[in-house]
Amino acid sequence: MVVAGTPGSGKTSVLMHAVRDLKSAGMNPALVKIDCLWTEDDRRFQRLEVPVSIGLSREMCPDHYAIYNVEEMMDWAMKQKADVLLNETAGLCLRCAPYPDKCLAICVIDVTTGPNSPLKVGPLLTTADVVVMTKGDLVSQAEREVFRERIIEANPKCRIVEANGLSGKGSSELGELMRGWPDVSGEMVLRHNPPLAVCTLCTGELRVSKEHHRGVLRHLDGFTEYNGE
Amino acid sequence: MKMKVLKLTIKGGVDKDRVPDAVEEIDVNRGEIIGIVGPTGSGKSTLIGDIEQLAHGDTPSGRRILINDVEPEAQLRTDPRKKLVAQLSQNMHFLADMPVDEFLRMHAKSRGKDAGIADRVIELANTLTGEPINPSNPLTTLSGGQSRALMTADIAVISDSPIVLIDEIENAGIKKHEALRLLAGEGKIVVVVTHDPMLALMTSRRIVMKNGRIIKVICTSEEEHRVYLDIERIDSWLMSLRETIRQGEVVVA
């Protein structure tokens, strides 16, 4: 299962409650947390007494890092004798979605970001199976319902879970969806293509302006050109 | 078609230390206004939350909510088009960055209603607040009183549900008595968290909370009802004094 979402949306808190639910249903979950530079979520997760592993992508995109490490994560989870692997990723630029097709794809989104945010999140939300709305206790019921409508507009087929990372509301519903998801096996492909091309910035160029950059470049007016050999 | 709600049942749960509620079961019938009282942190909002999400033992309190004696199906819990519960929460400020009418149209759509009813919501809201709301106002610029009036009218018109939950209505800037009457509508079940003596004594019963538990249910006595009538007189006197001062007139003894 892959849990993605914008920074601060409450992925870790939601996941912690879901892990408790899975454990009380007799399952053995293992967790891999992917972050960029620093995390102490492993300590939070360890309190749940489940196997936890951390991956720091450092200068690389955390979603890309998570994607090509899927097999390694699964092998690790097997060694831990886990029957479900939960992978929490950092989710930053919103251009791609780190969801392999056979995994349960969970997108966590914060209601206080306003009703336009489901339209801004892109493939992270539009290709998810489950969308978890958090922090609903901070807004009115009307605002929650408008937010929900916006999620349905962006992803008509998803299942929406209203959760609260503090009280644990919604965790049993999420746990139920996790328990009901079929086992994955064989080759998997991504649900959505990663961002286009690798640019000069990705390989370490620091200078600004187009004259220093190669590859597919897009101008502010939308004109797209290839600059290179 | 909306389901007809004749009875709401709260089945007791436990507090944080697993101590059970002192009351096993509370039935609330159609047309009844029931209160929830208790000090800060006593679990009033948790109980309201349990009812709002039609808890089925899946919340930390372990309480269960039955409708017409049965556990409601999952869709009634989640799909706003079928929702049985409307809630006026303590969070009376809008965070959504959009104009009033666009928000109301969107909310009407989410509840499966015609977008045209947005105008009626604004019209009704303007009867509850002294400062008129304009459809093109951005939600985030509304005053506290305007937000409360708009949310109240939104619940009465768009979220028109058989069960209405109100979390502390006594905050200033809105005609609270009229707001409650509007929300209660006809034949609804109203659950109101309040310490306002007038609103609390308007209820037929009140659930008393302490340390996360339901400790008892008090039926409003004859004597309390007489006190209510006194408060009502004082309240309307205060309202008229307020109006006199607002209009720049002189108060006479």
# chains A, B, ... in the order shown; residues from 1 in each chain; ligands from 1
call {"tool": "interface_residues", "arguments": {"of": "chain A", "to": "chain B", "cutoff": "9 Å", "atoms": "only C-alpha atoms", "output": "list of chain:residue names"}}
result
A:Thr112, A:Thr113, A:Gly114, A:Pro115, A:Asn116, A:Asp137, A:Leu138, A:Val139, A:Ser140, A:Gln141, A:Ala142, A:Glu143, A:Glu145, A:Val146, A:Phe147, A:Arg148, A:Glu149, A:Arg150, A:Ile160, A:Val161, A:Glu162, A:Ser167, A:Gly168, A:Lys169, A:Gly170, A:Ser171, A:Ser172, A:Glu173
call {"tool": "select_by_dssp", "arguments": {"residues": "segment 2-55 of chain A", "states": "strand (DSSP E or B)", "output": "PDB file with C-alpha atoms, in the first residue's frame"}}
result
ATOM      1  CA  VAL A   2       1.344   3.402  -0.863  1.00  0.00           C
ATOM      2  CA  VAL A   3       0.389   6.434   1.221  1.00  0.00           C
ATOM      3  CA  ALA A   4       1.159   9.771  -0.378  1.00  0.00           C
ATOM      4  CA  GLY A   5       0.025  13.323   0.211  1.00  0.00           C
ATOM      5  CA  PRO A  29       2.151  -4.741   8.995  1.00  0.00           C
ATOM      6  CA  ALA A  30       5.644  -3.417   8.188  1.00  0.00           C
ATOM      7  CA  LEU A  31       6.362   0.207   7.414  1.00  0.00           C
ATOM      8  CA  VAL A  32       8.775   1.988   5.128  1.00  0.00           C
ATOM      9  CA  LYS A  33       8.939   5.737   5.430  1.00  0.00           C
ATOM     10  CA  ILE A  34      10.527   7.601   2.537  1.00  0.00           C
ATOM     11  CA  ASP A  35      11.612  11.146   3.217  1.00  0.00           C
ATOM     12  CA  VAL A  52      10.032   0.078  10.516  1.00  0.00           C
ATOM     13  CA  SER A  53      12.563   1.078   7.890  1.00  0.00           C
ATOM     14  CA  ILE A  54      13.593   4.531   6.699  1.00  0.00           C
ATOM     15  CA  GLY A  55      14.720   5.631   3.259  1.00  0.00           C
TER      16      GLY A  55
END
call {"tool": "select_by_dssp", "arguments": {"residues": "segment 14-217 of chain A", "states": "helix (DSSP H, G or I)", "output": "count of residues only"}}
result
78
call {"tool": "residues_around", "arguments": {"residues": "Met198 of chain B", "least_positions_apart": "3", "cutoff": "8 Å", "atoms": "only C-alpha atoms", "output": "PyMOL selection string"}}
result
chain B and resi 201-202+228+231-232
call {"tool": "write_last_selection", "arguments": {"atoms": "C-alpha atoms", "output": "PDB file, in the first residue's frame"}}
result
ATOM      1  CA  LEU B 201     -33.963  25.113  29.372  1.00  0.00           C
ATOM      2  CA  MET B 202     -35.670  25.137  25.967  1.00  0.00           C
ATOM      3  CA  TYR B 228     -37.217  29.557  31.357  1.00  0.00           C
ATOM      4  CA  ILE B 231     -35.353  34.233  31.235  1.00  0.00           C
ATOM      5  CA  GLU B 232     -37.303  34.649  28.033  1.00  0.00           C
TER       6      GLU B 232
END
call {"tool": "residues_around", "arguments": {"residues": "Glu229 of chain A", "least_positions_apart": "3", "cutoff": "12 Å", "atoms": "only C-alpha atoms", "output": "PyMOL selection string"}}
result
chain A and resi 214-216+226
call {"tool": "write_last_selection", "arguments": {"atoms": "N, CA and C atoms", "output": "PDB file, in the first residue's frame"}}
result
ATOM      1  N   ARG A 214      19.953  22.276 -20.976  1.00  0.00           N
ATOM      2  CA  ARG A 214      19.726  21.405 -22.133  1.00  0.00           C
ATOM      3  C   ARG A 214      18.506  20.538 -21.861  1.00  0.00           C
ATOM      4  N   GLY A 215      18.031  19.936 -22.908  1.00  0.00           N
ATOM      5  CA  GLY A 215      16.900  19.017 -22.755  1.00  0.00           C
ATOM      6  C   GLY A 215      15.603  19.685 -23.198  1.00  0.00           C
ATOM      7  N   VAL A 216      14.477  19.184 -22.701  1.00  0.00           N
ATOM      8  CA  VAL A 216      13.190  19.761 -23.071  1.00  0.00           C
ATOM      9  C   VAL A 216      12.916  20.934 -22.128  1.00  0.00           C
ATOM     10  N   TYR A 226      13.316  21.691 -27.668  1.00  0.00           N
ATOM     11  CA  TYR A 226      14.399  20.805 -27.269  1.00  0.00           C
ATOM     12  C   TYR A 226      15.709  21.546 -27.515  1.00  0.00           C
TER      13      TYR A 226
END
call {"tool": "decode", "arguments": {"residues": "segment 173-200 of chain A", "atoms": "N, CA and C atoms", "output": "PDB file, in the first residue's frame"}}
result
ATOM      1  N   GLU A 173     -12.277   2.500   9.065  1.00  0.00           N
ATOM      2  CA  GLU A 173     -12.738   2.436   7.671  1.00  0.00           C
ATOM      3  C   GLU A 173     -11.535   2.210   6.742  1.00  0.00           C
ATOM      4  N   LEU A 174     -10.450   2.938   7.019  1.00  0.00           N
ATOM      5  CA  LEU A 174      -9.247   2.796   6.204  1.00  0.00           C
ATOM      6  C   LEU A 174      -8.643   1.401   6.386  1.00  0.00           C
ATOM      7  N   GLY A 175      -8.614   0.943   7.638  1.00  0.00           N
ATOM      8  CA  GLY A 175      -8.079  -0.384   7.926  1.00  0.00           C
ATOM      9  C   GLY A 175      -8.866  -1.469   7.191  1.00  0.00           C
ATOM     10  N   GLU A 176     -10.176  -1.282   7.139  1.00  0.00           N
ATOM     11  CA  GLU A 176     -11.044  -2.244   6.453  1.00  0.00           C
ATOM     12  C   GLU A 176     -10.711  -2.294   4.951  1.00  0.00           C
ATOM     13  N   LEU A 177     -10.491  -1.120   4.364  1.00  0.00           N
ATOM     14  CA  LEU A 177     -10.130  -1.063   2.944  1.00  0.00           C
ATOM     15  C   LEU A 177      -8.780  -1.731   2.702  1.00  0.00           C
ATOM     16  N   MET A 178      -7.863  -1.527   3.640  1.00  0.00           N
ATOM     17  CA  MET A 178      -6.529  -2.140   3.499  1.00  0.00           C
ATOM     18  C   MET A 178      -6.622  -3.661   3.588  1.00  0.00           C
ATOM     19  N   ARG A 179      -7.415  -4.109   4.564  1.00  0.00           N
ATOM     20  CA  ARG A 179      -7.534  -5.565   4.759  1.00  0.00           C
ATOM     21  C   ARG A 179      -8.193  -6.245   3.575  1.00  0.00           C
ATOM     22  N   GLY A 180      -9.077  -5.512   2.909  1.00  0.00           N
ATOM     23  CA  GLY A 180      -9.816  -6.111   1.791  1.00  0.00           C
ATOM     24  C   GLY A 180      -9.070  -6.052   0.465  1.00  0.00           C
ATOM     25  N   TRP A 181      -7.900  -5.409   0.438  1.00  0.00           N
ATOM     26  CA  TRP A 181      -7.174  -5.248  -0.830  1.00  0.00           C
ATOM     27  C   TRP A 181      -6.482  -6.562  -1.207  1.00  0.00           C
ATOM     28  N   PRO A 182      -6.569  -6.998  -2.484  1.00  0.00           N
ATOM     29  CA  PRO A 182      -5.945  -8.277  -2.857  1.00  0.00           C
ATOM     30  C   PRO A 182      -4.416  -8.222  -2.806  1.00  0.00           C
ATOM     31  N   ASP A 183      -3.789  -9.408  -2.635  1.00  0.00           N
ATOM     32  CA  ASP A 183      -2.333  -9.505  -2.604  1.00  0.00           C
ATOM     33  C   ASP A 183      -1.741  -9.068  -3.943  1.00  0.00           C
ATOM     34  N   VAL A 184      -0.562  -8.468  -3.914  1.00  0.00           N
ATOM     35  CA  VAL A 184       0.095  -8.096  -5.163  1.00  0.00           C
ATOM     36  C   VAL A 184       1.101  -9.175  -5.537  1.00  0.00           C
ATOM     37  N   SER A 185       1.257  -9.383  -6.863  1.00  0.00           N
ATOM     38  CA  SER A 185       2.274 -10.328  -7.328  1.00  0.00           C
ATOM     39  C   SER A 185       2.607  -9.977  -8.766  1.00  0.00           C
ATOM     40  N   GLY A 186       3.774 -10.432  -9.210  1.00  0.00           N
ATOM     41  CA  GLY A 186       4.179 -10.215 -10.598  1.00  0.00           C
ATOM     42  C   GLY A 186       4.633  -8.794 -10.846  1.00  0.00           C
ATOM     43  N   GLU A 187       4.740  -8.474 -12.140  1.00  0.00           N
ATOM     44  CA  GLU A 187       5.276  -7.175 -12.519  1.00  0.00           C
ATOM     45  C   GLU A 187       4.264  -6.064 -12.271  1.00  0.00           C
ATOM     46  N   MET A 188       4.771  -4.917 -11.842  1.00  0.00           N
ATOM     47  CA  MET A 188       3.878  -3.782 -11.640  1.00  0.00           C
ATOM     48  C   MET A 188       4.361  -2.600 -12.465  1.00  0.00           C
ATOM     49  N   VAL A 189       3.427  -1.776 -12.888  1.00  0.00           N
ATOM     50  CA  VAL A 189       3.798  -0.543 -13.598  1.00  0.00           C
ATOM     51  C   VAL A 189       3.142   0.641 -12.872  1.00  0.00           C
ATOM     52  N   LEU A 190       3.688   1.807 -13.134  1.00  0.00           N
ATOM     53  CA  LEU A 190       3.130   3.003 -12.500  1.00  0.00           C
ATOM     54  C   LEU A 190       1.781   3.354 -13.101  1.00  0.00           C
ATOM     55  N   ARG A 191       0.941   3.983 -12.303  1.00  0.00           N
ATOM     56  CA  ARG A 191      -0.364   4.417 -12.794  1.00  0.00           C
ATOM     57  C   ARG A 191      -0.260   5.680 -13.635  1.00  0.00           C
ATOM     58  N   HIS A 192       0.774   6.449 -13.388  1.00  0.00           N
ATOM     59  CA  HIS A 192       0.890   7.731 -14.069  1.00  0.00           C
ATOM     60  C   HIS A 192       2.340   7.960 -14.424  1.00  0.00           C
ATOM     61  N   ASN A 193       2.582   8.613 -15.580  1.00  0.00           N
ATOM     62  CA  ASN A 193       3.977   8.805 -15.963  1.00  0.00           C
ATOM     63  C   ASN A 193       4.670   9.826 -15.062  1.00  0.00           C
ATOM     64  N   PRO A 194       5.974   9.579 -14.795  1.00  0.00           N
ATOM     65  CA  PRO A 194       6.742  10.544 -13.998  1.00  0.00           C
ATOM     66  C   PRO A 194       6.965  11.832 -14.787  1.00  0.00           C
ATOM     67  N   PRO A 195       7.463  12.895 -14.164  1.00  0.00           N
ATOM     68  CA  PRO A 195       7.656  14.158 -14.875  1.00  0.00           C
ATOM     69  C   PRO A 195       8.529  13.971 -16.102  1.00  0.00           C
ATOM     70  N   LEU A 196       8.277  14.777 -17.096  1.00  0.00           N
ATOM     71  CA  LEU A 196       8.934  14.652 -18.385  1.00  0.00           C
ATOM     72  C   LEU A 196      10.431  14.944 -18.301  1.00  0.00           C
ATOM     73  N   ALA A 197      11.228  14.041 -18.838  1.00  0.00           N
ATOM     74  CA  ALA A 197      12.662  14.249 -19.050  1.00  0.00           C
ATOM     75  C   ALA A 197      13.449  14.516 -17.757  1.00  0.00           C
ATOM     76  N   VAL A 198      14.738  14.432 -17.901  1.00  0.00           N
ATOM     77  CA  VAL A 198      15.630  14.784 -16.801  1.00  0.00           C
ATOM     78  C   VAL A 198      16.345  16.050 -17.254  1.00  0.00           C
ATOM     79  N   CYS A 199      16.270  17.102 -16.496  1.00  0.00           N
ATOM     80  CA  CYS A 199      16.831  18.364 -16.965  1.00  0.00           C
ATOM     81  C   CYS A 199      18.228  18.577 -16.420  1.00  0.00           C
ATOM     82  N   THR A 200      18.879  19.591 -16.910  1.00  0.00           N
ATOM     83  CA  THR A 200      20.239  19.895 -16.488  1.00  0.00           C
ATOM     84  C   THR A 200      20.286  20.193 -14.990  1.00  0.00           C
TER      85      THR A 200
END
